[in-house]
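Structure below is query_33.cif: mmCIF, C-alpha atoms.
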```cif
data_start
loop_
_atom_site.label_atom_id
_atom_site.label_comp_id
_atom_site.auth_asym_id
_atom_site.auth_seq_id
_atom_site.Cartn_x
_atom_site.Cartn_y
_atom_site.Cartn_z
CA MET R 151 -52.20 -128.09 -34.92
CA ARG R 152 -54.35 -130.72 -36.69
CA TYR R 153 -52.16 -130.37 -39.80
CA VAL R 154 -49.09 -131.02 -37.68
CA ILE R 155 -50.63 -134.11 -36.10
CA ALA R 156 -51.77 -135.36 -39.52
CA GLY R 157 -48.28 -134.88 -40.93
CA TYR R 158 -46.58 -136.74 -38.09
CA ILE R 159 -49.12 -139.56 -38.17
CA PHE R 160 -48.71 -140.03 -41.93
CA VAL R 161 -44.92 -139.99 -41.96
CA LEU R 162 -44.37 -142.10 -38.84
CA GLY R 163 -47.24 -144.42 -39.74
CA LEU R 164 -45.93 -145.10 -43.25
CA LEU R 165 -42.38 -145.66 -41.99
CA ALA R 166 -43.64 -148.01 -39.26
CA LEU R 167 -45.79 -149.96 -41.72
CA TYR R 168 -42.89 -150.32 -44.12
CA ALA R 169 -40.58 -151.45 -41.31
CA VAL R 170 -43.07 -154.12 -40.26
CA ALA R 171 -43.48 -155.22 -43.89
CA LEU R 172 -39.69 -155.53 -44.25
CA VAL R 173 -39.36 -157.70 -41.15
CA TRP R 174 -42.30 -159.84 -42.24
CA ARG R 175 -40.86 -160.30 -45.75
CA ARG R 176 -37.48 -161.30 -44.35
CA ARG R 177 -39.00 -163.83 -41.96
CA ARG R 178 -41.10 -165.34 -44.75
CA LEU R 179 -38.03 -165.71 -46.96
CA VAL R 180 -35.93 -167.22 -44.18
CA ARG R 181 -38.68 -169.78 -43.61
CA ALA R 182 -38.82 -170.45 -47.35
CA VAL R 183 -35.08 -171.13 -47.37
CA ALA R 184 -35.45 -173.44 -44.36
CA ARG R 185 -38.23 -175.30 -46.13
CA VAL R 186 -36.46 -175.86 -49.45
CA THR R 187 -33.11 -176.78 -47.95
CA GLY R 188 -34.60 -179.97 -46.54
CA PRO R 189 -34.32 -181.98 -43.34
CA ASP R 190 -30.56 -182.61 -43.33
CA VAL R 191 -29.81 -178.99 -42.50
CA ALA R 192 -27.11 -178.20 -40.00
CA VAL R 193 -25.82 -174.92 -38.63
CA VAL R 194 -22.65 -173.82 -36.94
CA VAL R 195 -23.45 -171.61 -34.01
CA VAL R 196 -20.74 -169.26 -32.85
CA GLY R 197 -20.47 -169.56 -29.10
CA GLY R 198 -19.89 -166.83 -26.57
CA ASN R 199 -16.13 -167.27 -26.77
CA GLY R 200 -16.20 -166.96 -30.54
CA SER R 201 -15.48 -170.64 -31.15
CA PRO R 202 -17.81 -172.43 -33.48
CA GLY R 203 -19.78 -175.37 -32.16
CA ALA R 204 -21.91 -177.52 -34.38
CA SER R 205 -25.52 -178.11 -33.66
CA THR R 206 -28.21 -179.58 -35.82
CA VAL R 207 -31.55 -178.12 -36.61
CA ALA R 208 -32.86 -181.48 -37.74
CA GLY R 209 -31.34 -184.65 -39.04
CA ALA R 210 -27.69 -185.56 -39.07
CA PRO R 211 -25.16 -182.98 -37.88
CA VAL R 212 -23.05 -181.58 -40.68
CA SER R 213 -20.44 -178.92 -40.10
CA THR R 214 -20.91 -176.15 -42.63
CA GLY R 215 -18.68 -173.33 -41.57
CA ALA R 216 -21.52 -170.95 -42.14
CA THR R 217 -24.55 -169.87 -40.21
CA THR R 218 -27.75 -170.57 -42.04
CA PRO R 219 -30.84 -168.37 -41.91
CA GLN R 220 -32.37 -170.77 -39.39
CA ALA R 221 -30.00 -169.37 -36.81
CA GLU R 222 -31.10 -165.86 -37.69
CA ALA R 223 -34.74 -166.81 -37.41
CA SER R 224 -34.17 -168.14 -33.92
CA MET K 137 -19.81 -154.86 -43.61
CA THR K 138 -22.53 -156.07 -45.91
CA HIS K 139 -20.23 -158.04 -48.19
CA ASP K 140 -20.56 -161.07 -45.97
CA LEU K 141 -24.23 -161.23 -46.88
CA THR K 142 -23.57 -162.36 -50.40
CA THR K 143 -23.53 -166.00 -51.34
CA THR K 144 -20.11 -167.60 -51.30
CA PRO K 145 -18.94 -170.55 -53.37
CA LEU K 146 -18.01 -173.80 -51.69
CA GLU K 147 -14.33 -174.51 -51.30
CA GLY K 148 -13.65 -178.05 -52.45
CA PRO K 149 -14.95 -181.35 -51.15
CA ALA K 150 -13.80 -180.64 -47.59
CA ALA K 151 -16.30 -177.82 -47.28
CA ALA K 152 -19.23 -180.16 -46.91
CA HIS K 153 -22.45 -178.28 -47.07
CA PRO K 154 -25.82 -179.54 -45.97
CA TYR K 155 -27.28 -178.66 -49.32
CA SER K 156 -24.76 -180.86 -51.03
CA GLY K 157 -26.65 -183.47 -48.98
CA ALA K 158 -25.26 -186.81 -47.89
CA ALA K 159 -28.26 -188.36 -49.58
CA THR K 160 -27.95 -186.41 -52.82
CA ASN K 161 -25.32 -185.46 -55.37
CA THR K 162 -26.63 -181.94 -55.98
CA ARG K 163 -24.50 -179.08 -54.69
CA VAL K 164 -26.24 -175.83 -53.89
CA SER K 165 -24.43 -172.74 -52.69
CA PRO K 166 -25.08 -171.85 -49.05
CA PRO K 167 -27.87 -169.36 -48.42
CA PRO K 168 -26.88 -165.79 -47.59
CA SER K 169 -26.60 -165.20 -43.90
CA PRO K 170 -25.46 -162.19 -41.90
CA SER K 171 -22.66 -162.59 -39.41
CA THR K 172 -23.27 -162.18 -35.69
CA THR K 173 -21.63 -158.74 -35.83
CA ALA K 174 -23.85 -157.64 -38.72
CA ARG K 175 -26.97 -158.76 -36.87
CA ARG K 176 -25.87 -157.00 -33.69
CA THR K 177 -25.09 -153.82 -35.65
CA GLU K 178 -28.52 -153.94 -37.25
CA HIS K 179 -30.21 -154.27 -33.86
CA ILE K 180 -28.22 -151.37 -32.39
CA ILE K 181 -28.99 -149.12 -35.37
CA GLY K 182 -32.66 -150.05 -35.16
CA LEU K 183 -32.79 -149.24 -31.48
CA LEU K 184 -31.01 -145.90 -31.93
CA ALA K 185 -33.34 -145.02 -34.81
CA LEU K 186 -36.37 -145.75 -32.66
CA VAL K 187 -35.10 -143.71 -29.71
CA GLY K 188 -33.98 -140.84 -31.98
CA THR K 189 -37.33 -140.69 -33.78
CA ALA K 190 -39.25 -140.75 -30.49
CA ALA K 191 -37.04 -137.94 -29.14
CA THR K 192 -37.60 -135.88 -32.30
CA VAL K 193 -41.37 -136.25 -31.98
CA TRP K 194 -41.25 -135.32 -28.29
CA LEU K 195 -39.07 -132.25 -28.86
CA GLY K 196 -40.87 -131.26 -32.05
CA ILE K 197 -44.41 -131.38 -30.69
CA TRP K 198 -44.11 -130.66 -26.95
CA VAL K 199 -40.81 -128.95 -26.16
CA THR K 200 -39.94 -126.47 -28.92
CA PRO K 201 -41.83 -123.15 -29.04
CA PRO K 202 -44.15 -122.15 -31.90
CA ASP K 203 -42.62 -120.00 -34.62
CA LYS K 204 -43.24 -116.25 -34.73
CA VAL K 205 -44.51 -116.40 -38.32
CA GLN K 206 -45.61 -120.01 -38.92
CA GLY K 207 -46.97 -120.75 -35.46
CA ASP K 208 -47.37 -124.47 -34.75
CA LEU K 209 -46.85 -125.37 -38.40
CA VAL K 210 -43.11 -125.05 -37.86
CA ARG K 211 -43.29 -128.41 -36.07
CA LEU K 212 -43.71 -130.11 -39.44
CA VAL K 213 -40.34 -128.70 -40.41
CA TYR K 214 -38.64 -131.03 -37.92
CA ILE K 215 -39.53 -134.07 -40.04
CA HIS K 216 -40.16 -132.78 -43.59
CA PRO K 217 -36.55 -131.76 -44.44
CA GLY K 218 -35.31 -134.91 -42.72
CA VAL K 219 -37.33 -137.30 -44.90
CA ALA K 220 -36.46 -135.19 -47.97
CA TRP K 221 -32.75 -135.41 -47.10
CA VAL K 222 -32.97 -139.19 -46.80
CA ALA K 223 -35.01 -139.67 -49.97
CA LEU K 224 -33.30 -137.29 -52.35
CA TYR K 225 -29.70 -137.30 -51.21
CA LEU K 226 -29.05 -140.46 -49.20
CA ALA K 227 -31.27 -143.06 -50.84
CA PHE K 228 -31.30 -141.94 -54.45
CA GLY K 229 -27.74 -140.63 -54.20
CA LEU K 230 -26.60 -144.01 -52.91
CA ALA K 231 -28.55 -145.71 -55.68
CA ALA K 232 -26.78 -143.55 -58.27
CA VAL K 233 -23.32 -144.24 -56.81
CA SER K 234 -24.02 -147.98 -56.52
CA THR K 235 -25.22 -148.01 -60.09
CA LEU K 236 -22.04 -146.33 -61.29
CA LEU K 237 -19.97 -148.85 -59.34
CA TYR K 238 -21.93 -151.66 -60.97
CA LEU K 239 -21.41 -150.25 -64.45
CA TRP K 240 -17.69 -149.65 -63.86
CA PRO K 241 -15.97 -152.84 -65.12
CA ARG K 242 -13.45 -153.04 -62.27
CA THR K 243 -16.08 -152.89 -59.54
CA ARG K 244 -18.86 -154.75 -61.34
CA SER K 245 -20.69 -156.94 -58.89
CA LEU K 246 -24.31 -157.83 -58.27
CA PHE K 247 -23.72 -156.54 -54.74
CA TRP K 248 -23.91 -152.97 -56.07
CA ASP K 249 -27.02 -153.74 -58.10
CA ARG K 250 -28.72 -155.23 -55.04
CA LEU K 251 -27.68 -152.26 -52.92
CA ALA K 252 -29.08 -149.83 -55.49
CA ALA K 253 -32.37 -151.72 -55.60
CA ALA K 254 -32.63 -151.67 -51.81
CA ALA K 255 -31.81 -147.95 -51.66
CA VAL K 256 -34.41 -147.11 -54.31
CA GLU K 257 -37.21 -149.00 -52.58
CA VAL K 258 -36.51 -147.34 -49.23
CA GLY K 259 -36.04 -144.00 -51.01
CA VAL K 260 -39.46 -144.26 -52.66
CA ILE K 261 -41.09 -144.63 -49.23
CA PHE K 262 -39.23 -141.55 -47.95
CA ASN K 263 -40.05 -139.67 -51.15
CA ILE K 264 -43.77 -140.30 -50.59
CA CYS K 265 -43.34 -139.05 -47.01
CA THR K 266 -41.61 -135.93 -48.38
CA LEU K 267 -44.38 -135.09 -50.84
CA VAL K 268 -47.23 -135.76 -48.42
CA SER K 269 -45.70 -133.96 -45.42
CA GLY K 270 -44.86 -131.00 -47.69
CA SER K 271 -48.39 -130.99 -49.03
CA ILE K 272 -49.86 -131.03 -45.50
CA TRP K 273 -47.60 -128.09 -44.62
CA GLY K 274 -48.50 -126.28 -47.87
CA LYS K 275 -52.28 -126.32 -47.42
CA PRO K 276 -52.44 -123.95 -44.39
CA THR K 277 -49.36 -121.99 -45.53
CA TRP K 278 -49.95 -121.52 -49.27
CA GLY K 279 -53.68 -122.25 -49.29
CA VAL K 280 -53.37 -125.22 -51.67
CA TRP K 281 -52.49 -128.90 -51.27
CA TRP K 282 -50.37 -128.87 -54.39
CA ALA K 283 -48.72 -126.30 -56.66
CA TRP K 284 -46.89 -126.99 -59.91
CA ASP K 285 -43.83 -125.46 -58.37
CA ALA K 286 -40.40 -126.39 -59.73
CA ARG K 287 -39.23 -128.21 -56.62
CA LEU K 288 -42.50 -130.02 -55.98
CA THR K 289 -42.85 -131.05 -59.60
CA SER K 290 -39.26 -132.25 -59.97
CA THR K 291 -39.60 -134.26 -56.73
CA ALA K 292 -42.80 -135.86 -58.00
CA VAL K 293 -41.08 -136.66 -61.30
CA LEU K 294 -38.27 -138.37 -59.39
CA LEU K 295 -40.81 -140.51 -57.55
CA VAL K 296 -42.39 -141.60 -60.83
CA LEU K 297 -38.98 -142.37 -62.35
CA PHE K 298 -37.93 -144.58 -59.46
CA LEU K 299 -41.33 -146.30 -59.41
CA GLY K 300 -40.55 -147.13 -63.03
CA TYR K 301 -37.17 -148.46 -61.90
CA MET K 302 -38.88 -150.75 -59.41
CA ALA K 303 -41.36 -151.93 -62.04
CA LEU K 304 -38.53 -152.67 -64.46
CA ARG K 305 -36.79 -154.84 -61.88
CA ARG K 306 -39.87 -157.04 -61.70
CA VAL K 307 -39.65 -157.88 -65.40
CA PRO K 308 -38.31 -161.47 -65.56
CA ALA K 309 -34.69 -161.54 -66.78
CA GLU K 310 -31.28 -162.93 -65.97
CA PRO K 311 -29.70 -161.11 -62.99
CA GLU K 312 -27.04 -159.45 -65.15
CA VAL K 313 -29.56 -158.30 -67.76
CA ARG K 314 -31.85 -156.95 -65.06
CA ALA K 315 -28.97 -155.17 -63.37
CA ARG K 316 -27.80 -153.53 -66.60
CA ARG K 317 -31.30 -152.38 -67.57
CA SER K 318 -31.96 -151.05 -64.08
CA ALA K 319 -28.62 -149.27 -63.97
CA PHE K 320 -29.38 -147.16 -67.03
CA VAL K 321 -32.81 -146.21 -65.68
CA ALA K 322 -31.31 -145.30 -62.30
CA LEU K 323 -28.68 -143.09 -63.93
CA PHE K 324 -31.32 -141.39 -66.04
CA ALA K 325 -33.48 -140.79 -62.96
CA ALA K 326 -30.50 -139.51 -60.95
CA ILE K 327 -30.16 -136.55 -63.34
CA ASP K 328 -33.23 -135.17 -61.57
CA ILE K 329 -31.47 -135.01 -58.17
CA PRO K 330 -29.34 -131.87 -58.89
CA ILE K 331 -32.33 -130.34 -60.68
CA ILE K 332 -34.37 -130.72 -57.48
CA HIS K 333 -31.57 -129.30 -55.36
CA PHE K 334 -30.99 -126.20 -57.48
CA SER K 335 -34.63 -125.69 -58.53
CA VAL K 336 -35.18 -123.06 -55.83
CA ASP K 337 -32.21 -121.07 -57.19
CA TRP K 338 -32.84 -121.56 -60.91
CA TRP K 339 -36.55 -120.71 -60.92
CA ASN K 340 -38.92 -118.53 -58.94
CA THR K 341 -40.61 -121.01 -56.69
CA LEU K 342 -43.09 -121.06 -53.86
CA HIS K 343 -40.82 -123.43 -52.00
CA GLN K 344 -38.40 -121.66 -49.71
CA GLY K 345 -34.66 -121.74 -50.31
CA ALA K 346 -32.12 -123.63 -48.26
CA THR K 347 -32.32 -122.86 -44.55
CA VAL K 348 -29.40 -124.86 -43.19
CA LEU K 349 -27.22 -125.65 -46.18
CA ASN K 350 -27.55 -122.25 -47.80
CA ALA K 351 -24.94 -120.51 -49.93
CA ASN K 352 -23.36 -118.76 -46.93
CA LEU K 353 -23.41 -121.95 -44.83
CA SER K 354 -25.09 -119.83 -42.18
CA PRO K 355 -28.18 -121.56 -40.79
CA THR K 356 -31.13 -119.20 -40.45
CA ILE K 357 -32.59 -121.24 -37.61
CA HIS K 358 -31.30 -121.37 -34.08
CA GLY K 359 -31.81 -122.53 -30.52
CA SER K 360 -33.93 -125.56 -29.63
CA MET K 361 -35.44 -125.47 -33.12
CA ALA K 362 -32.07 -126.01 -34.74
CA TRP K 363 -31.16 -128.89 -32.40
CA THR K 364 -34.51 -130.59 -32.92
CA LEU K 365 -34.12 -130.25 -36.68
CA LEU K 366 -30.62 -131.74 -36.46
CA LEU K 367 -31.86 -134.61 -34.29
CA GLY K 368 -34.58 -135.29 -36.85
CA PHE K 369 -31.96 -135.54 -39.60
CA VAL K 370 -29.86 -137.99 -37.56
CA ALA K 371 -32.83 -140.12 -36.45
CA LEU K 372 -34.28 -140.42 -39.95
CA THR K 373 -30.84 -141.23 -41.34
CA LEU K 374 -30.60 -144.09 -38.84
CA VAL K 375 -34.07 -145.27 -39.84
CA PHE K 376 -32.89 -145.29 -43.46
CA VAL K 377 -29.72 -147.27 -42.65
CA TRP K 378 -31.70 -149.89 -40.71
CA MET K 379 -34.25 -150.24 -43.51
CA LEU K 380 -31.48 -150.46 -46.08
CA LEU K 381 -29.77 -153.30 -44.19
CA VAL K 382 -32.97 -155.29 -43.86
CA ARG K 383 -34.02 -154.64 -47.46
CA TYR K 384 -30.60 -155.65 -48.73
CA ARG K 385 -30.83 -158.99 -46.93
CA ILE K 386 -34.26 -159.58 -48.42
CA GLY K 387 -32.79 -159.02 -51.87
CA ALA K 388 -29.88 -161.36 -51.14
CA ILE K 389 -32.19 -164.18 -50.04
CA GLU K 390 -34.53 -163.62 -53.00
CA ASP K 391 -31.60 -163.80 -55.41
CA TRP K 392 -30.32 -166.95 -53.72
CA LEU K 393 -33.70 -168.65 -53.97
CA ALA K 394 -34.04 -167.63 -57.63
CA ALA K 395 -30.51 -168.78 -58.48
CA ASN K 396 -30.84 -172.16 -56.77
CA GLU K 397 -34.45 -172.90 -57.59
CA LEU K 398 -33.65 -175.71 -60.04
CA ASP K 399 -30.84 -177.23 -57.94
CA LEU K 400 -33.03 -177.23 -54.85
CA ALA K 401 -35.86 -178.94 -56.70
CA LEU K 402 -33.43 -181.56 -58.06
CA ALA K 403 -31.95 -182.15 -54.61
CA GLU K 404 -35.43 -182.59 -53.18
CA ARG K 405 -36.41 -185.13 -55.82
CA GLN K 406 -33.11 -187.02 -55.42
CA ALA K 407 -33.54 -187.14 -51.65
CA GLU K 408 -37.02 -188.55 -52.10
CA GLY K 409 -35.68 -191.17 -54.48
CA VAL K 410 -32.89 -192.21 -52.11
CA ALA K 411 -35.28 -192.41 -49.16
CA ALA K 412 -37.71 -194.53 -51.15
CA SER K 413 -34.98 -196.95 -52.29
CA ARG K 414 -33.71 -197.32 -48.69
CA VAL K 415 -37.17 -198.23 -47.48
CA ALA K 416 -37.62 -200.62 -50.37
CA SER K 417 -34.35 -202.46 -49.64
CA ASP K 418 -35.01 -202.71 -45.87
CA PRO K 419 -38.02 -204.94 -45.05
CA GLY K 420 -37.70 -204.03 -41.34
CA PRO K 421 -38.26 -206.14 -38.22
CA ALA K 422 -42.00 -206.50 -38.80
CA GLY K 423 -41.47 -207.98 -42.23
CA GLY K 424 -43.82 -207.13 -45.07
CA SER K 425 -43.12 -206.54 -48.72
CA PRO K 426 -40.74 -203.76 -49.86
CA THR K 427 -43.47 -202.41 -52.11
CA ASP K 428 -45.71 -201.77 -49.12
CA ARG K 429 -42.87 -199.87 -47.43
CA VAL K 430 -42.35 -197.60 -50.40
CA GLY K 431 -46.03 -196.92 -50.37
CA VAL K 432 -45.85 -195.88 -46.73
CA ALA K 433 -42.81 -193.69 -47.36
#
```
As structure tokens - that is how I would like this structure written.
Amino acid sequence: MRYVIAGYIFVLGLLALYAVALVWRRRRLVRAVARVTGPDVAVVVVGGNGSPGASTVAGAPVSTGATTPQAEAS
Amino acid sequence: MTHDLTTTPLEGPAAAHPYSGAATNTRVSPPPSPSTTARRTEHIIGLLALVGTAATVWLGIWVTPPDKVQGDLVRLVYIHPGVAWVALYLAFGLAAVSTLLYLWPRTRSLFWDRLAAAAVEVGVIFNICTLVSGSIWGKPTWGVWWAWDARLTSTAVLLVLFLGYMALRRVPAEPEVRARRSAFVALFAAIDIPIIHFSVDWWNTLHQGATVLNANLSPTIHGSMAWTLLLGFVALTLVFVWMLLVRYRIGAIEDWLAANELDLALAERQAEGVAASRVASDPGPAGGSPTDRVGVA
């Protein structure tokens, strides 16, 4: 049975570690994008009824028509 | 579904983008961002993968009976073929198809190159799981951790080939050059996939032949064992899809940052210049020299 436990621990452990690494890498990149895009970043948040409503992350509101990674990070 | 993750060009002056910047003249394409539906789909797939994997472990270790011949070692069979299926057929198969679609002139797009790269990276992780779980099963069954068996060796060769693919992608180059180089390596590596599949038929091997997808399409496993094995396949496939989605997005953001590196730096410098000139031209209510203000800014 110890071989079985070792096999499960290795496979599930490696997959879990890789999953965590993926999420961490994505968050780091999203933050990098937020950093380089500067303070006048604006996002359009799609509301519950599907209609877009503009909101600013920082600085002046600018309608973009696209959701930036900041929205994903939140 | 994943096409909306790619960067899109701006549509004329009306499509004001923050990175065109009111304070700057530099226009940078918007960063890649998944739609709400894509994000929700990713969360649902992730949740299903987690539940499915937990159920497979529970059934595989505690519920299913030991095998008449293998005893408890049969429990490794509920995950080993699953990770092998994902690595060899789903991940590397998808990488091969994506590569072909990239090389085909009518469908040439960096989307396919990015998808292939994501599939290969996830596939390498599953391939390592395949080799190690097989080795752990082989020690008590065959008496050795490793045998230079046709299937084992060809699977190890595939791992090395795709590690080479990943190394090649890290060589600095233009995206198109990198994609073309990688495509040829991926196609070369993909030749090994049918060799692995048919190795148990072409050569005398220690590795057993196909149990489920055999020539007669008559599974030689039944009952709770068969259902647990099937659940393992489904759960690990969902894990692969979730990882592929996340890894693809990482690639899309990395490409965006690399493509806009210079424009972003220019925009940053221009914004600094504009801010400094504004401060210099506005002495403010407290007075003071413009030079002092620039220094503060």
Could you make a table, as CSV, of the residues of chain K that have an atom within 8 Å of an atom of chain R, each with its nearest atom pair and distance in Å to one decimal, counting only C-alpha atoms, in chain and number order?
```
residue,atom,partner,partner_atom,distance
K:Ala151,CA,R:Thr214,CA,6.8
K:Ala152,CA,R:Thr214,CA,6.1
K:His153,CA,R:Thr214,CA,5.2
K:Pro154,CA,R:Val191,CA,5.3
K:Tyr155,CA,R:Thr187,CA,6.3
K:Gly157,CA,R:Asp190,CA,6.9
K:Pro166,CA,R:Thr218,CA,7.6
K:Pro167,CA,R:Thr218,CA,6.5
K:Pro168,CA,R:Thr218,CA,7.4
K:Ser169,CA,R:Pro219,CA,5.7
K:Pro170,CA,R:Thr217,CA,7.9
K:Ser171,CA,R:Thr217,CA,7.6
K:Asp208,CA,R:Met151,CA,6.0
K:Leu209,CA,R:Val154,CA,6.1
K:Arg211,CA,R:Val154,CA,6.6
K:Leu212,CA,R:Val154,CA,5.7
K:Ile215,CA,R:Tyr158,CA,7.8
K:Ile261,CA,R:Leu165,CA,7.4
K:Phe262,CA,R:Leu165,CA,7.9
K:Cys265,CA,R:Val161,CA,5.4
K:Val268,CA,R:Gly157,CA,7.6
K:Ser269,CA,R:Gly157,CA,5.3
K:Ile272,CA,R:Gly157,CA,6.2
K:Trp273,CA,R:Tyr153,CA,7.0
K:Pro276,CA,R:Tyr153,CA,7.9
K:Met379,CA,R:Ala169,CA,6.8
K:Val382,CA,R:Leu172,CA,6.7
K:Arg383,CA,R:Leu172,CA,6.6
K:Arg385,CA,R:Arg176,CA,7.5
K:Ile386,CA,R:Arg176,CA,5.5
K:Ile389,CA,R:Leu179,CA,6.8
K:Glu390,CA,R:Leu179,CA,7.3
K:Leu393,CA,R:Val183,CA,7.2
K:Leu400,CA,R:Val186,CA,6.5
K:Ala401,CA,R:Val186,CA,7.9
K:Glu404,CA,R:Gly188,CA,7.2
```
Using only C-alpha atoms, please write the residues we just selected to a file, as a short mmCIF file (atom, residue, chain, number, x, y, z; two decimals), keeping the file's coordinate frame.
```cif
data_model
loop_
_atom_site.label_atom_id
_atom_site.label_comp_id
_atom_site.auth_asym_id
_atom_site.auth_seq_id
_atom_site.Cartn_x
_atom_site.Cartn_y
_atom_site.Cartn_z
CA ALA K 151 -16.30 -177.82 -47.28
CA ALA K 152 -19.23 -180.16 -46.91
CA HIS K 153 -22.45 -178.28 -47.07
CA PRO K 154 -25.82 -179.54 -45.97
CA TYR K 155 -27.28 -178.66 -49.32
CA GLY K 157 -26.65 -183.47 -48.98
CA PRO K 166 -25.08 -171.85 -49.05
CA PRO K 167 -27.87 -169.36 -48.42
CA PRO K 168 -26.88 -165.79 -47.59
CA SER K 169 -26.60 -165.20 -43.90
CA PRO K 170 -25.46 -162.19 -41.90
CA SER K 171 -22.66 -162.59 -39.41
CA ASP K 208 -47.37 -124.47 -34.75
CA LEU K 209 -46.85 -125.37 -38.40
CA ARG K 211 -43.29 -128.41 -36.07
CA LEU K 212 -43.71 -130.11 -39.44
CA ILE K 215 -39.53 -134.07 -40.04
CA ILE K 261 -41.09 -144.63 -49.23
CA PHE K 262 -39.23 -141.55 -47.95
CA CYS K 265 -43.34 -139.05 -47.01
CA VAL K 268 -47.23 -135.76 -48.42
CA SER K 269 -45.70 -133.96 -45.42
CA ILE K 272 -49.86 -131.03 -45.50
CA TRP K 273 -47.60 -128.09 -44.62
CA PRO K 276 -52.44 -123.95 -44.39
CA MET K 379 -34.25 -150.24 -43.51
CA VAL K 382 -32.97 -155.29 -43.86
CA ARG K 383 -34.02 -154.64 -47.46
CA ARG K 385 -30.83 -158.99 -46.93
CA ILE K 386 -34.26 -159.58 -48.42
CA ILE K 389 -32.19 -164.18 -50.04
CA GLU K 390 -34.53 -163.62 -53.00
CA LEU K 393 -33.70 -168.65 -53.97
CA LEU K 400 -33.03 -177.23 -54.85
CA ALA K 401 -35.86 -178.94 -56.70
CA GLU K 404 -35.43 -182.59 -53.18
#
```
If I take CA of Asn340 in chain K and CA of Arg287 in chain K, how far is one from the other in Å, to one decimal?
10.0 Å
Between CA of Gly270 in chain K and CA of Leu294 in chain K, distance in Å (one decimal)
15.3 Å
May I ask for the distance between CA of Ala315 in chain K and CA of Ala223 in chain K, given in Å to one decimal place?
21.4 Å
Using all atoms listed in the file, which residues sit within 9 Å of Val370 in chain K once same-chain residues fewer than 3 positions away are excluded, as a ChimeraX atom specification?
/K:185,188-189,218,365-367,373-375
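The nearest approach to Asp391 in chain K among the residues K:Ile197, K:Val293, K:Ala286, K:Ala309, with all atoms listed in the file taken into account, belongs to K:Ala309.
For the set K:Thr192, K:Thr200, K:Thr277, K:Ser290, the residue with the smallest atom-to-atom gap to His333 in chain K is K:Ser290, counting all atoms listed in the file.
Minimum atom-to-atom distance to Ala253 in chain K, evaluated using all atoms listed in the file, belongs to K:Met302 out of K:Val280, K:Met302, K:Ala416, K:Ala190.
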